[in-house]
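Reviewing the structure listed below.
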Amino acid sequence: MSFDVSTIGEGQIRLTVPAGERLSQASTLRITAACSEANVAGLLAQLGHHTSWTSIMPKGHLSTRVLSEFRSVNVDLSTMVLRDEGRVVLSFIEPGEFPMPGTVTYDRRRTALCPLRPHPPRRPHARQPCRARGPRLDRYPSLGRSRHAAPAALPRPAHRLRAD
């Protein structure tokens, strides 16, 4: 299936206190789904683009709430992964009113997407310095091993400094 835009991000439940109140004093919270990447996909879908959002979420009622909100605006969720373990991210929002600033508190401990870690870049052996000219493809793991897969202009890596 082809999409105009595909996004990847961590879905969350946003719990917002009424304006002017603090979380420690609030007796009610407004519940909405949140995810910057899914929001982009949702807004573009409402403008007529074919979009998808991919994430890993735990099975349960909170995930169902998040998925139903983004499905309701025609975001394709066919690549969504649901796991038995993990939690949904919770974000607590205190909007604030002048002179009180607004605050956001995230609860991301043991979420379903949390164990996902980026693959570390491969490093050449310390005794064999890399003498290759051009871009170092081991710093761009998504390009693979083939030098022919690299685009013409890659960003130059930052210089390394030594503290002796």
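In the structure tokens, each chain is lettered A, B, ... as it comes, each chain's residues begin at 1, and ligands are numbered from 1 in order of appearance.
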
Excluding same-chain residues fewer than 5 positions from region 103-113 of chain A, what lies within 6 Å of it counting only C-alpha atoms, as a PyMOL selection string?
chain A and resi 56-58+86-94

Write out as a list in words which residues come within 9 Å of Arg22 (chain A) when counting only C-alpha atoms, dropping same-chain ones fewer than 5 positions away.
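Answer for this query is Val17, Glu94, Pro95 and Gly96 of chain A.
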
Writing out the chosen residues with C-alpha atoms as a tab-separated table (two decimals), in the first residue's frame:
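Result went into again.tsv, see below:
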```
chain	number	residue	atom	x	y	z
A	17	VAL	CA	-6.61	19.97	34.14
A	94	GLU	CA	-1.50	22.19	33.37
A	95	PRO	CA	-2.35	24.95	30.84
A	96	GLY	CA	-1.62	27.80	33.24
```

Using only C-alpha atoms for the distances, tell me which of A:Cys35, A:Ala45, A:Val75, A:Val81 is nearest to Gly9 (chain A).
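Nearest to Gly9 (chain A): A:Cys35.
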
Distance query Val40 (chain A) at most 10 Å, only C-alpha atoms, self and fewer than 3 positions along chain excluded, as an MDAnalysis selection string
chainID A and resid 5:7 35:37 43:46 51:53 75

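Going from CA of Gly60 (chain A) over to CA of Asp76 (chain A), you cover 19.3 Å.
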
Would you work out the distance separating CA of Thr32 (chain A) from CA of Ser2 (chain A), expressed in Å to one decimal?
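Separation between CA of Thr32 (chain A) and CA of Ser2 (chain A): 28.8 Å.
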
Å distance separating CA of Leu77 (chain A) from CA of Thr54 (chain A), one decimal place:
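Between CA of Leu77 (chain A) and CA of Thr54 (chain A) the gap is 6.6 Å.
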
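Distance check against Pro18 (chain A) using only C-alpha atoms: of A:Glu85, A:Asp4, A:Glu69, A:Glu97, the minimum falls on A:Glu97.
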